[in-house]
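Heads up, target_37.csv below (CSV, C-alpha atoms):
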chain,number,residue,atom,x,y,z
A,637,MET,CA,-23.0,18.5,-8.6
A,638,SER,CA,-23.3,21.2,-6.0
A,639,ILE,CA,-24.3,24.8,-6.8
A,640,LEU,CA,-20.8,25.9,-6.0
A,641,SER,CA,-19.3,23.4,-8.4
A,642,LEU,CA,-21.8,24.5,-11.1
A,643,ALA,CA,-20.8,28.1,-10.5
A,644,PHE,CA,-17.1,27.2,-10.7
A,645,LYS,CA,-17.7,25.4,-14.0
A,646,ILE,CA,-19.4,28.4,-15.6
A,647,LEU,CA,-16.8,30.9,-14.1
A,648,LEU,CA,-13.9,28.8,-15.4
A,649,ARG,CA,-15.1,29.5,-19.0
A,650,VAL,CA,-15.4,33.3,-18.5
A,651,LYS,CA,-13.2,34.3,-15.6
A,652,PRO,CA,-11.0,31.5,-14.4
A,653,SER,CA,-9.0,33.8,-12.2
A,654,MET,CA,-12.0,34.2,-9.9
A,655,VAL,CA,-12.3,30.4,-9.4
A,656,TYR,CA,-8.6,30.1,-8.6
A,657,GLU,CA,-8.8,33.0,-6.2
A,658,GLN,CA,-11.7,31.2,-4.4
A,659,ILE,CA,-9.7,28.0,-4.2
A,660,LYS,CA,-6.7,29.9,-2.7
A,661,LYS,CA,-9.0,31.6,-0.2
A,662,HIS,CA,-10.6,28.3,0.8
A,663,MET,CA,-7.3,26.5,1.2
A,664,THR,CA,-5.8,29.3,3.2
A,665,GLU,CA,-8.8,29.5,5.5
A,666,SER,CA,-9.1,25.7,6.0
A,667,LEU,CA,-5.4,24.9,6.6
A,668,PRO,CA,-4.3,26.5,9.9
A,669,PHE,CA,-0.9,24.8,9.9
A,670,VAL,CA,-0.1,26.4,6.5
A,671,ARG,CA,-1.1,29.8,7.9
A,672,LEU,CA,1.1,29.2,11.0
A,673,LEU,CA,4.1,28.7,8.8
A,674,GLY,CA,3.4,31.8,6.8
A,675,ILE,CA,2.9,29.9,3.6
A,676,ARG,CA,1.3,31.9,0.8
A,677,ILE,CA,-0.4,30.4,-2.2
A,678,ASP,CA,0.7,32.8,-4.9
A,679,SER,CA,-1.0,31.4,-7.9
A,680,ILE,CA,-3.1,28.4,-9.1
A,681,GLY,CA,-3.8,27.3,-12.6
A,682,PRO,CA,-5.1,24.2,-14.4
A,683,GLY,CA,-2.9,21.6,-12.7
A,684,THR,CA,-0.3,24.1,-11.5
A,685,ALA,CA,0.5,26.2,-8.5
A,686,GLU,CA,3.2,28.5,-7.1
A,687,VAL,CA,3.5,28.7,-3.3
A,688,SER,CA,6.0,30.6,-1.1
A,689,MET,CA,7.3,30.7,2.5
A,690,PRO,CA,9.1,33.5,4.2
A,691,ASP,CA,12.5,33.2,5.8
A,692,ASP,CA,11.6,33.1,9.5
A,693,GLY,CA,13.9,32.1,12.3
A,694,LYS,CA,11.0,30.2,14.0
A,695,LEU,CA,11.1,27.9,10.9
A,696,HIS,CA,14.8,27.2,11.0
A,697,ASN,CA,16.7,24.1,12.0
A,698,HIS,CA,20.0,23.7,13.9
A,699,LEU,CA,21.9,25.1,10.8
A,700,GLY,CA,19.9,28.3,10.8
A,701,THR,CA,18.2,27.3,7.5
A,702,PRO,CA,14.6,26.3,6.7
A,703,HIS,CA,13.6,23.2,8.6
A,704,ALA,CA,13.0,20.1,6.5
A,705,GLY,CA,9.4,19.9,8.0
A,706,ALA,CA,8.6,23.4,6.9
A,707,ILE,CA,10.0,22.7,3.4
A,708,PHE,CA,7.9,19.5,3.2
A,709,THR,CA,4.8,21.4,4.2
A,710,LEU,CA,5.5,24.0,1.6
A,711,ALA,CA,5.8,21.2,-1.0
A,712,GLU,CA,2.6,19.5,0.1
A,713,THR,CA,0.7,22.8,0.0
A,714,ALA,CA,1.9,23.4,-3.6
A,715,SER,CA,0.9,19.9,-4.6
A,716,GLY,CA,-2.6,20.3,-3.1
A,717,ALA,CA,-3.0,23.7,-4.8
A,718,ALA,CA,-1.9,22.2,-8.2
A,719,MET,CA,-4.2,19.2,-7.7
A,720,ALA,CA,-7.2,21.6,-6.8
A,721,GLY,CA,-6.4,23.7,-9.8
A,722,GLY,CA,-6.6,20.7,-12.1
A,723,PHE,CA,-10.1,19.9,-10.8
A,724,ALA,CA,-11.3,23.4,-10.1
A,725,ASP,CA,-14.8,22.9,-11.4
A,726,LEU,CA,-15.2,19.7,-9.2
A,727,ILE,CA,-13.0,20.3,-6.2
A,728,MET,CA,-15.7,21.5,-3.8
A,729,ASP,CA,-17.5,18.2,-4.3
A,730,MET,CA,-14.4,16.1,-4.0
A,731,ARG,CA,-12.5,14.5,-1.1
A,732,PRO,CA,-8.8,14.9,-1.8
A,733,VAL,CA,-6.3,12.9,0.3
A,734,ALA,CA,-2.6,12.9,0.1
A,735,LYS,CA,-1.9,9.2,-0.1
A,736,GLU,CA,1.9,9.0,-0.3
A,737,SER,CA,4.9,11.4,-0.7
A,738,ARG,CA,8.6,11.2,-1.4
A,739,ILE,CA,11.1,14.0,-1.0
A,740,GLN,CA,14.6,14.2,-2.2
A,741,TYR,CA,16.7,17.0,-0.7
A,742,GLN,CA,19.2,18.4,-3.2
A,743,LYS,CA,20.9,21.3,-1.5
A,744,VAL,CA,20.5,23.2,1.7
A,745,ALA,CA,17.9,25.9,1.2
A,746,LYS,CA,18.9,29.4,2.2
A,747,GLY,CA,16.4,32.1,3.0
A,748,ALA,CA,12.8,32.4,1.7
A,749,THR,CA,11.6,29.4,-0.3
A,750,ARG,CA,9.2,28.9,-3.1
A,751,ALA,CA,7.5,25.8,-4.5
A,752,SER,CA,6.3,25.1,-8.0
A,753,GLY,CA,3.8,22.2,-8.3
A,754,LYS,CA,2.5,20.5,-11.5
A,755,VAL,CA,0.2,17.6,-12.3
A,756,PRO,CA,2.4,15.7,-14.9
A,757,GLY,CA,1.0,14.0,-17.9
A,758,ASP,CA,-2.4,14.2,-19.4
A,759,LEU,CA,-4.8,16.0,-17.1
A,760,ALA,CA,-7.7,15.3,-19.4
A,761,ALA,CA,-7.1,11.6,-19.1
A,762,ILE,CA,-7.0,11.8,-15.3
A,763,ARG,CA,-10.2,13.8,-15.3
A,764,ALA,CA,-11.8,11.2,-17.6
A,765,GLN,CA,-10.8,8.4,-15.2
A,766,LEU,CA,-12.4,10.3,-12.3
A,767,LYS,CA,-15.6,10.7,-14.3
A,768,ASP,CA,-15.7,7.0,-15.3
A,769,GLU,CA,-14.6,5.5,-12.1
A,770,GLY,CA,-15.7,8.0,-9.5
A,771,LYS,CA,-12.1,8.1,-8.1
A,772,VAL,CA,-8.6,8.6,-9.3
A,773,ALA,CA,-5.0,8.5,-8.0
A,774,PHE,CA,-2.3,10.5,-9.6
A,775,PRO,CA,1.0,12.3,-8.7
A,776,VAL,CA,1.9,15.9,-8.4
A,777,ASN,CA,5.5,16.9,-8.8
A,778,VAL,CA,7.0,19.8,-6.9
A,779,ASP,CA,10.3,21.6,-7.1
A,780,ILE,CA,11.4,23.7,-4.1
A,781,PHE,CA,13.8,26.6,-4.7
A,782,ASP,CA,15.5,28.9,-2.2
A,783,GLU,CA,15.8,32.7,-2.4
A,784,HIS,CA,18.8,32.4,-4.7
A,785,GLY,CA,17.0,30.1,-7.2
A,786,THR,CA,18.9,27.0,-6.1
A,787,LEU,CA,16.9,23.7,-6.4
A,788,ALA,CA,16.7,22.6,-2.8
A,789,ALA,CA,14.3,19.7,-3.0
A,790,GLN,CA,12.1,17.7,-5.3
A,791,VAL,CA,8.9,16.1,-4.1
A,792,GLN,CA,6.2,13.9,-5.4
A,793,VAL,CA,2.9,13.7,-3.7
A,794,ASP,CA,0.4,11.0,-4.8
A,795,TRP,CA,-3.2,12.2,-4.4
A,796,TYR,CA,-6.3,10.2,-4.2
A,797,LEU,CA,-9.5,12.0,-5.3
A,798,SER,CA,-13.0,10.8,-4.8
A,799,ALA,CA,-16.5,12.2,-4.3
A,800,LYS,CA,-17.3,13.5,-0.8
A,801,ARG,CA,-19.1,10.9,1.3
Please rewrite the model in this file as structure tokens.
Amino acid sequence: MSILSLAFKILLRVKPSMVYEQIKKHMTESLPFVRLLGIRIDSIGPGTAEVSMPDDGKLHNHLGTPHAGAIFTLAETASGAAMAGGFADLIMDMRPVAKESRIQYQKVAKGATRASGKVPGDLAAIRAQLKDEGKVAFPVNVDIFDEHGTLAAQVQVDWYLSAKR
């Protein structure tokens, strides 16, 4: 376990918000495409995340609404933040890879969009499997809403998590 992971483990017990802020900062700094789209990680918790994207004409499609690619990137970012939040004490020593994803568009999104990501099921069991096997695969579910609160898309991203090599 690295020094940073040990520090995160201790901080999660006394001041978890500091750990989640560091994860948000690290993700924002290490994902230039996310920054390019103006995506903001609003909050991270244990297996959850809230992420938002502004309404920007540069991100629109031929209908003048948020482009499907931008919406997908918003969802993938929310899934990664939720995944990282679920493994906050270990994430700096892990190698996360988005393995597969599925998106179902529900309605045309209008205006600014936000995504809510969550690791479904028993997070403790997923963490136990990672500890026992040194790797784990699991889904993260994401709902995308437009500025009017309309459900625009539902996404599932399957993550594979293992120790850094």
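Comparing the minimum interatomic distances between Arg763 in chain A and each of A:Phe669, A:Tyr656, A:Phe723, A:Phe708, counting all atoms listed in the file, we find that A:Phe723 sits nearest.
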Can you check which parts of range 705-732 of chain A lie within 10 Å of range 685-695 of chain A? Per residue, the shortest pair of atoms and distance in Å to one decimal, counting only C-alpha atoms, sorted by chain and number, as a Markdown table.
| residue | atom | partner | partner_atom | distance |
| --- | --- | --- | --- | --- |
| A:Gly705 | CA | A:Leu695 | CA | 8.7 |
| A:Ala706 | CA | A:Leu695 | CA | 6.5 |
| A:Ile707 | CA | A:Met689 | CA | 8.5 |
| A:Thr709 | CA | A:Met689 | CA | 9.8 |
| A:Leu710 | CA | A:Met689 | CA | 7.0 |
| A:Ala711 | CA | A:Val687 | CA | 8.2 |
| A:Glu712 | CA | A:Val687 | CA | 9.8 |
| A:Thr713 | CA | A:Val687 | CA | 7.3 |
| A:Ala714 | CA | A:Val687 | CA | 5.5 |
| A:Ser715 | CA | A:Ala685 | CA | 7.4 |
| A:Gly716 | CA | A:Ala685 | CA | 8.6 |
| A:Ala717 | CA | A:Ala685 | CA | 5.7 |
| A:Ala718 | CA | A:Ala685 | CA | 4.7 |
| A:Met719 | CA | A:Ala685 | CA | 8.5 |
| A:Ala720 | CA | A:Ala685 | CA | 9.1 |
| A:Gly721 | CA | A:Ala685 | CA | 7.5 |
| A:Gly722 | CA | A:Ala685 | CA | 9.7 |
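A straight line drawn from CA of Trp795 in chain A to CA of Ser737 in chain A is 8.9 Å long.
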Compile the contact shell of Glu736 in chain A as a VMD selection string: residues with an atom at most 12 Å away, counting all atoms listed in the file, same-chain residues fewer than 4 positions apart removed. chain A and resid 712 715 773 to 776 791 to 796
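With all atoms listed in the file as the atoms that count, the minimum distance from Ile780 in chain A to the choices A:Gln742, A:Ser798, A:Gln765, A:Thr664 is reached by A:Gln742.
Going from CA of Lys651 in chain A to CA of Ser679 in chain A covers 14.7 Å.
Going from CA of Thr684 in chain A to CA of Gly753 in chain A covers 5.5 Å.
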